[in-house]
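Chemist: So here's target_32.txt (compact mmCIF, C-alpha atoms).
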# COMPACT_ATOMS: atom_id res chain seq x y z
CA LYS A 253 20.90 -15.74 19.18
CA ILE A 254 18.22 -14.28 16.96
CA ILE A 255 16.10 -13.13 19.91
CA PHE A 256 19.15 -11.57 21.58
CA SER A 257 20.16 -9.80 18.37
CA LEU A 258 16.63 -8.51 17.83
CA LEU A 259 16.50 -7.37 21.43
CA ILE A 260 19.70 -5.36 21.03
CA PHE A 261 18.60 -3.94 17.64
CA SER A 262 15.18 -2.98 18.94
CA LEU A 263 16.67 -0.97 21.78
CA PHE A 264 17.80 1.59 19.25
CA THR A 265 14.68 1.69 17.10
CA ASN A 266 11.66 2.05 19.40
CA ASN A 267 10.11 4.91 21.32
CA SER A 268 10.99 4.84 24.96
CA PHE A 269 10.68 6.92 28.07
CA ALA A 270 12.61 7.01 31.31
CA SER A 271 11.47 6.79 34.89
CA GLU A 272 14.28 7.45 37.42
CA ASN A 273 17.09 5.17 36.24
CA TRP A 274 14.66 2.92 34.30
CA THR A 275 13.88 2.84 30.60
CA VAL A 276 10.41 1.69 29.53
CA GLU A 277 10.06 0.85 25.83
CA LYS A 278 8.35 -1.38 23.30
CA ILE A 279 10.73 -3.88 21.70
CA LEU A 280 10.77 -6.78 19.23
CA GLY A 281 8.11 -5.35 16.93
CA ASP A 282 6.02 -4.16 19.90
CA LYS A 283 5.65 -7.75 21.18
CA PHE A 284 7.15 -6.82 24.55
CA ILE A 285 7.32 -3.89 26.90
CA SER A 286 10.83 -3.74 28.33
CA VAL A 287 11.47 -2.13 31.71
CA SER A 288 15.24 -2.02 32.20
CA THR A 289 18.16 -0.45 34.00
CA PHE A 290 21.94 -0.61 33.56
CA GLY A 291 24.24 -2.42 35.95
CA ILE A 292 26.27 -0.71 38.65
CA ILE A 293 29.37 -2.95 38.40
CA THR A 294 29.23 -3.69 34.66
CA HIS A 295 27.22 -0.84 33.16
CA GLY A 296 26.37 -2.69 29.93
CA ASP A 297 24.69 -5.54 31.77
CA ARG A 298 20.98 -4.84 32.02
CA TYR A 299 18.37 -6.03 34.43
CA ARG A 300 15.30 -6.25 32.22
CA LEU A 301 11.67 -7.04 32.99
CA LEU A 302 9.65 -8.06 29.93
CA ILE A 303 5.87 -7.81 29.66
CA LYS A 304 4.37 -9.65 26.70
CA THR A 305 1.91 -7.32 24.96
CA GLU A 306 -0.13 -10.19 23.53
CA GLY A 307 -0.51 -11.95 26.83
CA ASP A 308 -1.19 -11.38 30.49
CA CYS A 309 -0.19 -7.83 31.42
CA SER A 310 -0.01 -8.85 35.09
CA LYS A 311 3.05 -11.07 34.50
CA VAL A 312 6.63 -10.09 33.83
CA GLU A 313 9.60 -12.17 32.71
CA GLU A 314 12.67 -11.34 34.78
CA THR A 315 15.89 -11.32 32.73
CA PHE A 316 19.42 -10.01 32.95
CA THR A 317 22.63 -10.11 30.96
CA ILE A 318 26.15 -10.98 32.04
CA TYR A 319 29.19 -10.03 29.99
CA THR A 320 32.35 -12.12 30.28
CA ALA A 321 35.72 -11.83 28.62
CA ALA A 322 36.94 -15.12 30.16
CA ASN A 323 36.27 -16.92 26.85
CA HIS A 324 35.87 -20.41 28.34
CA PRO A 325 36.00 -22.98 25.49
CA LYS A 326 32.38 -24.04 26.17
CA ILE A 327 30.88 -20.57 26.70
CA SER A 328 29.10 -20.61 23.35
CA LYS A 329 27.53 -24.02 24.18
CA ILE A 330 25.77 -23.06 27.40
CA GLU A 331 22.50 -21.99 25.78
CA ASN A 332 19.50 -23.81 27.26
CA LYS A 333 21.52 -24.73 30.36
CA LYS A 334 20.62 -23.78 33.92
CA ILE A 335 22.54 -21.16 35.85
CA ALA A 336 22.74 -21.06 39.64
CA ILE A 337 22.79 -17.55 41.07
CA GLU A 338 22.79 -15.84 44.44
CA TYR A 339 19.87 -13.45 44.14
CA ASN A 340 19.93 -10.98 47.03
CA ASP A 341 21.50 -13.69 49.22
CA GLN A 342 19.10 -16.47 48.14
CA ILE A 343 20.02 -19.27 45.74
CA LYS A 344 17.92 -19.28 42.58
CA LEU A 345 18.05 -21.09 39.23
CA GLY A 346 17.76 -19.36 35.89
CA ASN A 347 17.72 -20.43 32.27
CA ILE A 348 20.46 -19.36 29.87
CA LEU A 349 18.59 -18.20 26.77
CA THR A 350 21.58 -17.17 24.65
CA SER A 351 25.35 -16.93 24.68
CA SER A 352 26.54 -14.56 21.96
CA LYS A 353 29.93 -13.19 20.95
CA PHE A 354 30.18 -9.54 21.90
CA LEU A 355 33.26 -7.30 21.81
CA MET A 356 36.17 -9.31 23.28
CA GLY A 357 33.99 -11.90 24.99
CA HIS A 358 30.42 -13.10 25.27
CA THR A 359 27.10 -11.79 26.55
CA ILE A 360 24.91 -14.30 28.34
CA PHE A 361 21.15 -13.62 28.41
CA VAL A 362 19.42 -15.21 31.44
CA SER A 363 15.75 -15.59 32.40
CA THR A 364 14.56 -16.43 35.90
CA GLY A 365 10.99 -16.94 34.69
CA LEU A 366 7.56 -15.32 34.85
CA ILE A 367 6.55 -13.43 37.98
CA ASP A 368 3.38 -11.64 39.06
CA ILE A 369 4.12 -7.90 38.66
CA ASP A 370 2.48 -6.79 41.92
CA LYS A 371 4.28 -9.48 43.95
CA HIS A 372 7.58 -8.61 42.27
CA ILE A 373 7.12 -4.90 43.01
CA ALA A 374 6.35 -5.72 46.65
CA SER A 375 9.45 -7.88 47.01
CA LEU A 376 11.83 -5.45 45.28
CA ASN A 377 10.43 -2.30 46.91
CA LYS A 378 11.97 -3.54 50.16
CA LYS A 379 15.47 -3.30 48.60
CA THR A 380 17.53 -0.39 47.29
CA GLU A 381 19.63 -2.62 45.01
CA LEU A 382 19.38 -6.04 43.39
CA HIS A 383 22.54 -8.13 43.74
CA ILE A 384 23.13 -11.14 41.50
CA LYS A 385 26.20 -13.36 41.70
CA VAL A 386 26.70 -16.35 39.42
CA VAL A 387 27.50 -19.51 41.38
CA GLY A 388 27.85 -21.80 38.38
CA VAL A 389 26.51 -23.14 35.11
CA ILE A 390 24.76 -26.51 35.26
CA ASP A 391 25.52 -28.73 32.28
CA ASN A 392 23.51 -31.75 33.45
CA VAL A 393 21.10 -31.47 36.38
CA LYS A 394 20.76 -35.25 36.90
CA LYS A 395 24.52 -35.89 36.81
CA LYS A 396 25.22 -32.69 38.76
CA THR A 397 27.90 -31.57 36.31
CA GLY A 398 28.83 -28.11 35.15
CA TRP A 399 31.26 -25.28 35.75
CA LYS A 400 31.99 -22.99 38.66
CA ALA A 401 31.37 -19.32 38.00
CA GLU A 402 35.06 -18.40 38.10
CA GLU A 403 35.74 -20.83 35.24
CA MET A 404 33.36 -19.05 32.84
CA PHE A 405 33.06 -15.49 34.11
CA ASP A 406 35.79 -12.95 34.82
CA ILE A 407 33.22 -10.79 36.66
CA ALA A 408 30.50 -13.07 38.02
CA PHE A 409 28.39 -10.47 39.84
CA ASN A 410 26.49 -7.28 39.30
CA SER A 411 24.09 -4.96 41.10
CA TRP A 412 21.26 -2.79 39.84
CA ASN A 413 19.71 0.29 41.44
CA LEU A 414 16.03 -0.41 42.21
CA LYS A 415 15.01 3.19 42.87
CA GLY A 416 11.80 3.87 40.94
CA ILE A 417 11.12 0.24 39.97
CA SER A 418 7.51 0.36 41.16
CA GLU A 419 6.71 3.41 39.06
CA ALA A 420 8.55 2.05 36.00
CA LEU A 421 6.84 -1.36 36.15
CA LYS A 422 3.43 0.28 36.51
CA LYS A 423 4.20 2.43 33.42
CA GLY A 424 5.24 -0.73 31.57
CA GLN A 425 2.10 -2.53 32.64
CA GLN A 426 -0.05 0.41 31.53
CA ALA A 427 1.72 0.43 28.14
CA CYS A 428 0.90 -3.28 27.83
CA LEU A 429 -2.76 -2.71 28.69
CA ASN A 430 -2.94 0.16 26.16
CA SER A 431 -1.65 -2.14 23.42
CA LEU A 432 -4.40 -4.76 23.90
Reformat the file's structure so that it appears as structure tokens.

Modeler:
Amino acid sequence: KIIFSLLIFSLFTNNSFASENWTVEKILGDKFISVSTFGIITHGDRYRLLIKTEGDCSKVEETFTIYTAANHPKISKIENKKIAIEYNDQIKLGNILTSSKFLMGHTIFVSTGLIDIDKHIASLNKKTELHIKVVGVIDNVKKKTGWKAEEMFDIAFNSWNLKGISEALKKGQQACLNSL
């Protein structure tokens, strides 16, 4: 919750610049370069690529947020659980980093892990939009228990415009290299 809160706070306090529909900015006390864009379906949900400024500037952590007003009784207890998603028509697992109260519901912050920037640019440059649909939340991988998406999310999908992602990620990577 602290990381999520700091992430939101830092969005309003750091210098940033835009590239197409992307915002590139330093966040969390300049520990990360954030390359992000707003959702098409739910505008407030961001697709965010994070480059750690004190690490390997060739890697990016892929993250996104999902807002839900469904208010499932266990929504605040899904932190550190896995989430199954359809990611441009492929099934992928992510990690739920936080579930925080926001407005009339909750915002879920998800990471799909570290990715090589150049490989990620190459894979996303082939697409005009990124489509993510939540399939379900996995409570226990071994026991195969959890919840279907429609139980926890009133809107379980979003899309993001990928126009200009290559340029924005390269600007983010250069900002990381400049901070070393």

Chemist: Which residues, written as a count of residues only, have at least one atom at most 8 Å from range 401-412 of chain A, with only C-alpha atoms counted and residues fewer than 2 positions away on the same chain left out?

Modeler: 27

Chemist: Using CA of Ala427 in chain A and CA of Ile285 in chain A as the two end points, give the distance in Å to one decimal.

Modeler: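 A separation of 7.2 Å between them.
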
Chemist: So, counting only C-alpha atoms, which residue among A:Ser310, A:Thr315, A:Thr275, A:Ser286 is closest to Lys371 in chain A?

Modeler: A:Ser310

Chemist: So that I can check the surroundings of Asp391 in chain A, please list as JSON, numbers by chain every protein, DNA and RNA residue that reaches within 8 Å of it, counting only C-alpha atoms and ignoring chain neighbours fewer than 5 positions away.

Modeler: {"A": [330, 333, 334, 396, 397, 398, 399]}

Chemist: Neighbouring residues of Thr350 in chain A were defined as those with any atom within 6 Å, considering only C-alpha atoms; residues of the same chain fewer than 2 positions away were excluded. Please report them as a list of chain:residue names.

Modeler: A:Lys253, A:Glu331, A:Ile348, A:Ile360, A:Phe361

Chemist: So which residues touch Ala374 in chain A within 12 Å, counting all atoms listed in the file, skipping near sequence neighbours fewer than 3 positions away, as a list in words?

Modeler: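 The residues satisfying every condition are Ile367, Asp368, Ile369, Asp370, Lys371, Asn377, Lys378, Lys379, Leu414, Ile417, Ser418, Glu419 and Leu421 of chain A.
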
Chemist: Can you work out the spacing between CA of Leu302 in chain A and CA of Gly424 in chain A in Å, to one decimal?

Modeler: 8.7 Å

Chemist: State, in Å with one decimal place, the distance from CA of Cys428 in chain A to CA of Asp308 in chain A.

Modeler: 8.8 Å

Chemist: Which of these, A:Gly296, A:His358, A:Glu306, A:Leu301, has the shortest distance to Trp274 in chain A once you count only C-alpha atoms?

Modeler: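 For Trp274 in chain A, the nearest of the candidates is A:Leu301.
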
Chemist: Return as lines of an AutoDock Vina configuration file the box centre and box size in Å, one decimal, for an axis-aligned box around all listed atoms of range 413-427 of chain A padded by 3 Å per side.

Modeler:
center_x = 9.8
center_y = 0.7
center_z = 35.5
size_x = 25.8
size_y = 12.4
size_z = 20.7

Chemist: Measuring atom to atom with all atoms listed in the file, identify which of A:Lys400, A:Lys311, A:His372, A:Lys283 is nearest to Ala336 in chain A.

Modeler: A:Lys400

Chemist: Counting all atoms listed in the file, which residue out of A:Leu429, A:Val393, A:Ile335, A:Ala420 sits closest to Ser288 in chain A?

Modeler: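 Distance minimum relative to Ser288 in chain A lands on A:Ala420.
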